[in-house]
$ cat start.tsv   # TSV, C-alpha atoms
chain	number	residue	atom	x	y	z
V	16	MET	CA	6.20	14.52	25.50
V	17	ILE	CA	4.30	11.32	24.59
V	18	ASN	CA	2.95	12.92	21.39
V	19	SER	CA	6.43	13.94	20.30
V	20	ARG	CA	7.69	10.39	20.88
V	21	LEU	CA	4.80	8.94	18.91
V	22	LYS	CA	5.50	11.34	16.03
V	23	LEU	CA	9.18	10.38	16.10
V	24	PHE	CA	8.25	6.67	16.09
V	25	TYR	CA	5.81	7.24	13.20
V	26	LYS	CA	8.48	9.09	11.19
V	27	ARG	CA	10.98	6.28	11.77
V	28	LEU	CA	8.32	3.73	10.81
V	29	GLN	CA	7.63	5.65	7.58
V	30	LYS	CA	11.34	5.96	6.85
V	31	ASN	CA	11.98	2.24	7.35
V	32	PHE	CA	8.67	1.06	5.90
V	33	ASN	CA	9.15	-1.81	3.47
V	34	GLY	CA	5.86	-2.94	1.90
V	35	PRO	CA	6.74	-6.52	0.84
V	36	ILE	CA	8.32	-7.32	4.24
V	37	VAL	CA	5.32	-5.94	6.18
V	38	ILE	CA	2.80	-7.78	3.98
V	39	SER	CA	4.76	-11.07	4.27
V	40	THR	CA	4.99	-10.68	8.06
V	41	ILE	CA	1.25	-10.05	8.43
V	42	TYR	CA	0.42	-12.95	6.11
V	43	PHE	CA	2.72	-15.34	8.01
V	44	THR	CA	1.36	-14.23	11.41
V	45	PHE	CA	-2.26	-14.61	10.30
V	46	GLY	CA	-1.59	-18.04	8.73
V	47	PHE	CA	0.21	-19.31	11.81
V	48	CYS	CA	-2.52	-18.09	14.17
V	49	TRP	CA	-5.27	-19.45	11.91
V	50	ILE	CA	-3.78	-22.97	11.76
V	51	PHE	CA	-2.83	-23.05	15.44
V	52	PHE	CA	-6.14	-21.86	16.91
V	53	SER	CA	-8.53	-23.32	14.29
V	54	ASP	CA	-7.08	-26.81	14.73
V	55	ARG	CA	-7.51	-26.60	18.51
V	56	ILE	CA	-11.09	-25.35	18.21
V	57	LEU	CA	-11.91	-28.00	15.60
V	58	ASN	CA	-10.50	-30.76	17.81
V	59	ARG	CA	-12.82	-29.72	20.62
V	60	LEU	CA	-15.89	-29.36	18.40
V	61	SER	CA	-15.37	-32.46	16.21
V	62	GLN	CA	-17.72	-35.35	17.11
V	63	SER	CA	-16.41	-37.83	14.57
V	64	HIS	CA	-13.70	-38.33	11.99
V	65	ASP	CA	-16.10	-37.46	9.11
V	66	PHE	CA	-17.10	-34.26	10.87
V	67	TYR	CA	-13.40	-33.35	11.35
V	68	VAL	CA	-12.56	-33.98	7.65
V	69	LYS	CA	-15.64	-32.06	6.47
V	70	PHE	CA	-14.85	-29.00	8.55
V	71	GLN	CA	-11.14	-29.12	7.60
V	72	THR	CA	-12.27	-28.59	3.99
V	73	TYR	CA	-14.53	-25.70	4.99
V	74	LYS	CA	-11.71	-24.27	7.07
V	75	GLY	CA	-9.40	-24.39	4.02
V	76	TRP	CA	-11.89	-22.51	1.82
V	77	ILE	CA	-12.52	-19.93	4.54
V	78	TYR	CA	-8.75	-19.47	4.91
V	79	VAL	CA	-8.37	-18.93	1.14
V	80	LEU	CA	-11.20	-16.34	1.11
V	81	ILE	CA	-9.88	-14.47	4.16
V	82	THR	CA	-6.24	-14.44	3.02
V	83	THR	CA	-7.27	-13.30	-0.48
V	84	GLY	CA	-9.16	-10.38	1.03
V	85	LEU	CA	-6.35	-9.69	3.46
V	86	ILE	CA	-3.66	-9.63	0.76
V	87	TYR	CA	-5.84	-7.45	-1.49
V	88	THR	CA	-6.43	-4.99	1.38
V	89	LEU	CA	-2.75	-4.87	2.32
V	90	LEU	CA	-1.67	-4.39	-1.29
V	91	LYS	CA	-4.26	-1.64	-1.72
V	92	ILE	CA	-3.00	0.13	1.41
V	93	TYR	CA	0.60	-0.26	0.26
V	94	SER	CA	-0.28	1.03	-3.24
V	95	ASN	CA	-2.01	4.11	-1.79
V	96	TYR	CA	0.92	4.70	0.56
V	97	LYS	CA	3.36	4.48	-2.34
V	98	GLU	CA	1.31	6.88	-4.50
V	99	LYS	CA	1.17	9.39	-1.64
V	100	SER	CA	4.91	8.98	-1.04
V	101	ILE	CA	5.64	9.60	-4.74
V	102	LEU	CA	3.39	12.70	-4.75
V	103	LEU	CA	5.02	14.01	-1.58
V	104	LEU	CA	8.47	13.34	-3.05
V	105	LYS	CA	7.56	15.20	-6.26
V	106	GLU	CA	6.21	18.14	-4.26
V	107	HIS	CA	9.35	18.12	-2.11
V	108	LYS	CA	11.59	18.10	-5.19
V	109	LYS	CA	9.53	20.88	-6.74
V	110	ILE	CA	9.88	23.03	-3.62
V	111	ILE	CA	13.64	22.37	-3.48
V	112	SER	CA	13.97	23.19	-7.20
V	113	GLU	CA	11.99	26.43	-6.80
V	114	ASN	CA	14.04	27.44	-3.75
V	115	LEU	CA	17.26	26.64	-5.60
V	116	GLU	CA	16.21	28.69	-8.64
V	117	GLU	CA	15.23	31.55	-6.35
V	118	LYS	CA	18.59	31.43	-4.56
V	119	GLU	CA	20.48	31.23	-7.85
V	120	ALA	CA	18.59	34.25	-9.17
V	121	LEU	CA	19.33	36.08	-5.91
V	122	ILE	CA	23.05	35.25	-6.04
V	123	LYS	CA	23.21	36.33	-9.69
V	124	GLU	CA	21.51	39.58	-8.78
V	125	ILE	CA	24.03	40.16	-5.97
V	126	TYR	CA	26.98	39.56	-8.32
V	127	HIS	CA	25.37	41.86	-10.89
V	128	ARG	CA	24.86	44.64	-8.35
V	129	VAL	CA	28.39	44.28	-6.97
V	130	LYS	CA	29.76	44.51	-10.51
V	131	ASN	CA	27.62	47.59	-11.21
V	132	ASN	CA	28.70	49.24	-7.95
V	133	LEU	CA	32.36	48.60	-8.80
V	134	GLN	CA	31.78	50.08	-12.26
V	135	ILE	CA	30.30	53.17	-10.59
V	136	MET	CA	33.43	53.43	-8.43
V	137	ILE	CA	35.59	53.16	-11.57
V	138	SER	CA	33.56	55.95	-13.21
V	139	PHE	CA	33.96	58.18	-10.12
V	140	LEU	CA	37.71	57.59	-10.07
V	141	ARG	CA	38.00	58.38	-13.79
V	142	LEU	CA	35.99	61.55	-13.21
V	143	LYS	CA	38.27	62.42	-10.29
V	144	LYS	CA	41.29	61.87	-12.51
V	145	THR	CA	40.17	64.61	-14.91
V	146	TYR	CA	40.52	67.18	-12.08
V	147	HIS	CA	44.12	66.22	-11.31
V	148	LYS	CA	46.82	66.98	-13.84
V	149	GLU	CA	49.68	65.70	-11.70
V	150	LYS	CA	51.17	62.66	-13.39
V	151	HIS	CA	51.83	60.70	-10.19
V	152	LEU	CA	48.20	61.13	-9.09
V	153	GLU	CA	46.92	60.07	-12.50
V	154	ARG	CA	49.10	56.94	-12.40
V	155	ALA	CA	47.93	56.10	-8.87
V	156	LEU	CA	44.28	56.48	-9.86
V	157	ASP	CA	44.83	54.36	-12.98
V	158	GLU	CA	46.32	51.57	-10.85
V	159	ILE	CA	43.36	51.67	-8.44
V	160	ILE	CA	40.93	51.63	-11.39
V	161	ASN	CA	42.65	48.58	-12.87
V	162	MET	CA	42.55	46.73	-9.54
V	163	ILE	CA	38.84	47.43	-9.15
V	164	PHE	CA	38.29	46.37	-12.76
V	165	SER	CA	39.94	42.99	-12.11
V	166	ILE	CA	37.52	42.38	-9.21
V	167	ALA	CA	34.50	43.64	-11.19
V	168	LEU	CA	35.43	41.30	-14.04
V	169	ILE	CA	35.22	38.31	-11.66
V	170	HIS	CA	31.68	39.27	-10.59
V	171	GLU	CA	30.66	39.86	-14.19
V	172	ARG	CA	31.81	36.35	-15.13
V	173	LEU	CA	30.05	34.81	-12.13
V	174	TYR	CA	26.86	36.62	-13.14
V	175	LYS	CA	27.02	35.35	-16.72
V	176	THR	CA	27.86	31.71	-15.89
V	177	GLU	CA	25.88	29.04	-14.04
V	178	SER	CA	28.67	28.44	-11.55
V	179	PHE	CA	28.67	30.82	-8.58
V	180	SER	CA	31.91	29.73	-7.00
V	181	GLU	CA	34.35	29.15	-9.89
V	182	VAL	CA	35.83	31.17	-12.75
V	183	ASN	CA	37.32	30.11	-16.08
V	184	PHE	CA	40.76	31.61	-15.55
V	185	ASN	CA	41.95	31.21	-19.13
V	186	SER	CA	39.60	33.83	-20.58
V	187	TYR	CA	39.76	35.90	-17.39
V	188	ILE	CA	43.55	36.41	-17.74
V	189	LYS	CA	43.12	37.45	-21.38
V	190	ASP	CA	40.42	39.99	-20.46
V	191	ILE	CA	42.57	41.54	-17.70
V	192	VAL	CA	45.60	41.83	-19.97
V	193	GLN	CA	43.51	43.23	-22.83
V	194	HIS	CA	42.15	45.90	-20.46
V	195	LEU	CA	45.65	46.80	-19.23
V	196	VAL	CA	47.04	46.94	-22.76
V	197	SER	CA	44.21	49.22	-23.91
V	198	SER	CA	44.79	51.58	-20.94
V	199	HIS	CA	48.59	51.93	-21.40
V	200	GLU	CA	50.02	53.79	-24.37
V	201	MET	CA	53.34	51.99	-23.92
V	202	ALA	CA	51.56	48.66	-24.49
V	203	LYS	CA	51.27	49.32	-28.24
V	204	THR	CA	54.93	48.36	-28.66
V	205	ILE	CA	54.66	45.28	-26.43
V	206	LYS	CA	53.71	41.83	-27.68
V	207	ILE	CA	51.73	39.61	-25.30
V	208	ASN	CA	52.07	35.82	-25.61
V	209	PHE	CA	49.69	33.43	-23.87
V	210	ASP	CA	50.21	29.79	-22.96
V	211	LEU	CA	47.14	28.95	-20.94
V	212	GLU	CA	45.35	25.75	-20.00
V	213	ASN	CA	41.56	25.78	-19.81
V	214	ILE	CA	41.42	25.86	-16.00
V	215	VAL	CA	38.53	26.68	-13.66
V	216	ILE	CA	39.53	27.95	-10.21
V	217	PRO	CA	37.55	28.90	-7.07
V	218	ILE	CA	36.53	32.53	-6.58
V	219	ASP	CA	38.53	32.83	-3.32
V	220	LYS	CA	41.68	32.09	-5.36
V	221	ALA	CA	40.61	33.97	-8.49
V	222	ILE	CA	40.28	37.44	-6.94
V	223	PRO	CA	43.73	37.71	-5.26
V	224	CYS	CA	45.37	35.98	-8.23
V	225	GLY	CA	43.64	38.39	-10.63
V	226	ILE	CA	44.84	41.43	-8.66
V	227	MET	CA	48.35	39.97	-8.57
V	228	ILE	CA	48.38	39.46	-12.35
V	229	ASN	CA	47.10	43.01	-12.74
V	230	GLU	CA	49.94	44.35	-10.56
V	231	ILE	CA	52.71	42.32	-12.24
V	232	ILE	CA	51.61	43.21	-15.79
V	233	THR	CA	51.21	46.87	-14.79
V	234	ASN	CA	54.76	46.90	-13.40
V	235	SER	CA	56.10	45.41	-16.63
V	236	LEU	CA	54.25	47.92	-18.80
V	237	LYS	CA	55.38	50.85	-16.63
V	238	TYR	CA	59.01	50.02	-15.93
V	239	ALA	CA	60.35	47.18	-18.09
V	240	PHE	CA	60.31	49.04	-21.43
V	241	PRO	CA	61.43	52.65	-20.98
V	242	ASP	CA	61.74	55.21	-23.79
V	243	GLY	CA	59.41	53.36	-26.15
V	244	LYS	CA	61.48	50.19	-26.12
V	245	THR	CA	59.80	47.22	-27.79
V	246	GLY	CA	59.49	43.86	-26.08
V	247	LYS	CA	57.26	41.02	-25.10
V	248	ILE	CA	55.47	39.61	-22.07
V	249	ASP	CA	54.88	35.86	-21.79
V	250	ILE	CA	52.07	34.59	-19.58
V	251	THR	CA	51.81	30.90	-18.73
V	252	PHE	CA	49.13	29.34	-16.54
V	253	LYS	CA	49.00	25.56	-16.11
V	254	THR	CA	48.47	22.82	-13.55
V	255	THR	CA	51.41	20.88	-12.15
V	256	SER	CA	51.67	17.10	-11.75
V	257	LEU	CA	50.85	17.61	-8.05
V	258	GLY	CA	47.54	19.26	-8.92
V	259	LYS	CA	48.64	22.83	-8.09
V	260	TYR	CA	48.33	25.94	-10.26
V	261	LYS	CA	51.49	27.40	-11.79
V	262	LEU	CA	51.52	30.98	-13.05
V	263	ILE	CA	54.58	32.38	-14.85
V	264	ILE	CA	54.76	35.99	-16.04
V	265	ARG	CA	57.98	36.98	-17.83
V	266	ASP	CA	59.05	40.09	-19.71
V	267	ASP	CA	62.26	40.73	-21.64
V	268	GLY	CA	62.65	44.30	-20.37
V	269	ILE	CA	65.46	45.97	-18.47
V	270	GLY	CA	64.70	44.32	-15.11
V	271	PHE	CA	63.86	46.34	-12.03
V	272	SER	CA	67.31	45.74	-10.50
V	273	ILE	CA	68.79	48.10	-13.13
V	274	LYS	CA	67.04	51.23	-11.88
V	275	LYS	CA	67.06	51.28	-8.10
V	276	GLU	CA	64.99	54.43	-7.89
V	277	LYS	CA	62.17	52.58	-9.65
V	278	ILE	CA	62.22	49.88	-6.95
V	279	LYS	CA	61.69	52.51	-4.30
V	280	GLU	CA	58.88	54.11	-6.30
V	281	ASN	CA	57.20	50.74	-6.85
V	282	SER	CA	57.79	49.28	-3.39
V	283	LEU	CA	54.03	49.39	-2.67
V	284	GLY	CA	53.35	47.26	-5.75
V	285	LEU	CA	55.95	44.68	-4.75
V	286	THR	CA	54.56	44.61	-1.19
V	287	LEU	CA	51.07	44.09	-2.58
V	288	ILE	CA	52.28	41.13	-4.67
V	289	GLU	CA	53.85	39.62	-1.56
V	290	ILE	CA	50.65	40.12	0.49
V	291	LEU	CA	48.50	38.53	-2.23
V	292	SER	CA	50.87	35.57	-2.55
V	293	ASN	CA	50.55	35.02	1.22
V	294	GLN	CA	46.77	35.14	0.89
V	295	LEU	CA	46.98	32.45	-1.80
V	296	GLU	CA	49.46	30.47	0.35
V	297	ALA	CA	51.63	30.50	-2.77
V	298	ASP	CA	55.29	29.85	-3.36
V	299	ILE	CA	56.56	32.86	-5.31
V	300	LYS	CA	59.95	33.22	-6.96
V	301	THR	CA	61.14	36.43	-8.61
V	302	VAL	CA	64.14	36.64	-10.94
V	303	SER	CA	65.15	39.97	-12.44
V	304	ASP	CA	68.28	40.79	-14.47
V	305	LYS	CA	69.34	42.46	-17.72
V	306	LYS	CA	67.36	39.86	-19.69
V	307	GLY	CA	64.08	40.76	-17.97
V	308	THR	CA	61.91	39.87	-15.00
V	309	GLN	CA	60.13	36.61	-14.28
V	310	TYR	CA	57.55	35.82	-11.61
V	311	THR	CA	56.82	32.16	-10.89
V	312	ILE	CA	53.83	31.62	-8.59
V	313	ILE	CA	52.67	28.16	-7.50
V	314	PHE	CA	49.52	27.81	-5.38

$ encode --input "start.tsv" --output "structure tokens"
Amino acid sequence: MINSRLKLFYKRLQKNFNGPIVISTIYFTFGFCWIFFSDRILNRLSQSHDFYVKFQTYKGWIYVLITTGLIYTLLKIYSNYKEKSILLLKEHKKIISENLEEKEALIKEIYHRVKNNLQIMISFLRLKKTYHKEKHLERALDEIINMIFSIALIHERLYKTESFSEVNFNSYIKDIVQHLVSSHEMAKTIKINFDLENIVIPIDKAIPCGIMINEIITNSLKYAFPDGKTGKIDITFKTTSLGKYKLIIRDDGIGFSIKKEKIKENSLGLTLIEILSNQLEADIKTVSDKKGTQYTIIF
């Protein structure tokens, strides 16, 4: 118990150690004691005024010699202490740096493995798709593949960048849309327009938002332009004056209110968009008419 208290006191002393203050305090204490006690001793020993004056001079020289040695010793101790402190600090920083590099490498490896595992799942699903010729099953598998791809893309970006908690959403949106366009034959007749700010968002927002974008774009490509109809999809992603993110996805297709049977078929997709918007704590507004469909999401 006593040892632990002494160690704690020593640590506090080291933490609050201030060389110049300690040296000044010791010097002042020694000087005060020297003058106080030496004068008293000299008064008792002095036999005459000449003797007193003579020994006052000797006392002054002795004081100069002792204080010079004392200051040198204290400065030497302080210098050694400072050198050791600097060496310990450098070693501490080195250990922290090595641990940080090790953790960063570990996190990167985790992201890389997650991305690879998701790619394996995508490959399995594509292989599974070749054994099913039913159109509705093929479409369902394609949608699952695209969702997994949007998550894998996040981990790929985190692996390639130095930030492990944020994603550049500008390029991420373009990569998702490019993947969706390349996987839908209907997309060849659709023009995609981007109006994106260079925004970095946290991973906990990026994943649900990425899946939501995937779902909305997929719905537009599947239902908004039937019978080879041409059209366009506008994607806007910016920050508001209140510091929130604002995502707008608009197509100029037929609108899902035109074909009610399509709403029923795609009710799962609309439910998923609602669930993801709740996860983002987003305000979502959907407008759909003969001029097209627009999603406005603020989070």

$ residues_around --input "start.tsv" --residues "region 90-95 of chain V" --least-positions-apart "5" --cutoff "9 Å" --atoms "all atoms listed in the file" --output "mmCIF file with C-alpha atoms, keeping the file's coordinate frame"
data_model
loop_
_atom_site.group_PDB
_atom_site.id
_atom_site.type_symbol
_atom_site.label_atom_id
_atom_site.label_comp_id
_atom_site.auth_asym_id
_atom_site.auth_seq_id
_atom_site.Cartn_x
_atom_site.Cartn_y
_atom_site.Cartn_z
ATOM 1 C CA GLY V 34 5.860 -2.940 1.900
ATOM 2 C CA PRO V 35 6.740 -6.520 0.840
ATOM 3 C CA ILE V 38 2.800 -7.780 3.980
ATOM 4 C CA LEU V 85 -6.350 -9.690 3.460
ATOM 5 C CA SER V 100 4.910 8.980 -1.040
#

$ residues_around --input "start.tsv" --residues "Asp267 (chain V)" --least-positions-apart "6" --cutoff "9 Å" --atoms "only C-alpha atoms" --output "count of residues only"
11

$ atom_distance --input "start.tsv" --atom1 "CA of Phe164 (chain V)" --atom2 "CA of Glu124 (chain V)"
18.5 Å

$ residues_around --input "start.tsv" --residues "Ile207 (chain V)" --least-positions-apart "6" --cutoff "12 Å" --atoms "only C-alpha atoms" --output "PyMOL selection string"
chain V and resi 188-189+192-193+195-196+232+235-236+245-251+264-267

$ atom_distance --input "start.tsv" --atom1 "CA of Lys253 (chain V)" --atom2 "CA of Ile214 (chain V)"
7.6 Å

$ axis_aligned_box --input "start.tsv" --around "region 113-130 of chain V" --padding-each-side "6 Å" --output "AutoDock Vina command-line options"
--center_x 20.9 --center_y 35.5 --center_z -7.3 --size_x 29.8 --size_y 30.2 --size_z 19.1

$ atom_distance --input "start.tsv" --atom1 "CA of Phe52 (chain V)" --atom2 "CA of Thr88 (chain V)"
22.9 Å

$ closest_residue --input "start.tsv" --among "V:Ile191, V:His170, V:Lys206, V:Ile231" --to "Thr301 (chain V)" --atoms "only C-alpha atoms"
V:Ile231

$ closest_residue --input "start.tsv" --among "V:Glu171, V:Asp190, V:Glu296, V:Asp157" --to "Phe139 (chain V)" --atoms "all atoms listed in the file"
V:Asp157

$ residues_around --input "start.tsv" --residues "Pro217 (chain V)" --least-positions-apart "2" --cutoff "9 Å" --atoms "only C-alpha atoms" --output "short mmCIF file (atom, residue, chain, number, x, y, z; two decimals) with C-alpha atoms, in the frame of the given file"
data_model
loop_
_atom_site.label_atom_id
_atom_site.label_comp_id
_atom_site.auth_asym_id
_atom_site.auth_seq_id
_atom_site.Cartn_x
_atom_site.Cartn_y
_atom_site.Cartn_z
CA SER V 180 31.91 29.73 -7.00
CA GLU V 181 34.35 29.15 -9.89
CA VAL V 182 35.83 31.17 -12.75
CA VAL V 215 38.53 26.68 -13.66
CA ASP V 219 38.53 32.83 -3.32
CA LYS V 220 41.68 32.09 -5.36
CA ALA V 221 40.61 33.97 -8.49
CA ILE V 222 40.28 37.44 -6.94
#

$ build_atoms --input "start.tsv" --residues "region 123-139 of chain V" --atoms "N, CA, C and O atoms" --output "short mmCIF file (atom, residue, chain, number, x, y, z; two decimals), in the frame of the given file"
data_model
loop_
_atom_site.label_atom_id
_atom_site.label_comp_id
_atom_site.auth_asym_id
_atom_site.auth_seq_id
_atom_site.Cartn_x
_atom_site.Cartn_y
_atom_site.Cartn_z
N LYS V 123 22.86 35.65 -8.44
CA LYS V 123 23.21 36.33 -9.69
C LYS V 123 22.96 37.83 -9.57
O LYS V 123 23.76 38.65 -10.04
N GLU V 124 21.83 38.16 -8.94
CA GLU V 124 21.51 39.58 -8.78
C GLU V 124 22.54 40.29 -7.89
O GLU V 124 22.94 41.42 -8.15
N ILE V 125 23.00 39.58 -6.86
CA ILE V 125 24.03 40.16 -5.97
C ILE V 125 25.32 40.41 -6.74
O ILE V 125 25.91 41.48 -6.64
N TYR V 126 25.76 39.40 -7.52
CA TYR V 126 26.98 39.56 -8.32
C TYR V 126 26.83 40.72 -9.31
O TYR V 126 27.76 41.50 -9.52
N HIS V 127 25.63 40.79 -9.90
CA HIS V 127 25.37 41.86 -10.89
C HIS V 127 25.45 43.23 -10.23
O HIS V 127 26.04 44.16 -10.78
N ARG V 128 24.87 43.35 -9.05
CA ARG V 128 24.86 44.64 -8.35
C ARG V 128 26.27 45.01 -7.87
O ARG V 128 26.65 46.18 -7.93
N VAL V 129 27.00 44.01 -7.38
CA VAL V 129 28.39 44.28 -6.97
C VAL V 129 29.20 44.79 -8.15
O VAL V 129 29.96 45.76 -8.05
N LYS V 130 29.04 44.10 -9.30
CA LYS V 130 29.76 44.51 -10.51
C LYS V 130 29.38 45.94 -10.91
O LYS V 130 30.24 46.77 -11.24
N ASN V 131 28.08 46.25 -10.86
CA ASN V 131 27.62 47.59 -11.21
C ASN V 131 28.16 48.64 -10.24
O ASN V 131 28.57 49.74 -10.66
N ASN V 132 28.17 48.30 -8.95
CA ASN V 132 28.70 49.24 -7.95
C ASN V 132 30.20 49.50 -8.16
O ASN V 132 30.68 50.63 -8.01
N LEU V 133 30.93 48.44 -8.51
CA LEU V 133 32.36 48.60 -8.80
C LEU V 133 32.57 49.44 -10.06
O LEU V 133 33.50 50.25 -10.12
N GLN V 134 31.69 49.26 -11.04
CA GLN V 134 31.78 50.08 -12.26
C GLN V 134 31.50 51.55 -11.95
O GLN V 134 32.13 52.44 -12.53
N ILE V 135 30.59 51.79 -11.02
CA ILE V 135 30.30 53.17 -10.59
C ILE V 135 31.54 53.78 -9.92
O ILE V 135 31.91 54.94 -10.17
N MET V 136 32.20 52.97 -9.08
CA MET V 136 33.43 53.43 -8.43
C MET V 136 34.50 53.76 -9.47
O MET V 136 35.21 54.78 -9.35
N ILE V 137 34.62 52.92 -10.48
CA ILE V 137 35.59 53.16 -11.57
C ILE V 137 35.27 54.48 -12.27
O ILE V 137 36.17 55.29 -12.56
N SER V 138 33.97 54.70 -12.54
CA SER V 138 33.56 55.95 -13.21
C SER V 138 33.88 57.16 -12.35
O SER V 138 34.34 58.20 -12.87
N PHE V 139 33.64 57.07 -11.03
CA PHE V 139 33.96 58.18 -10.12
C PHE V 139 35.46 58.48 -10.12
O PHE V 139 35.87 59.65 -10.14
#
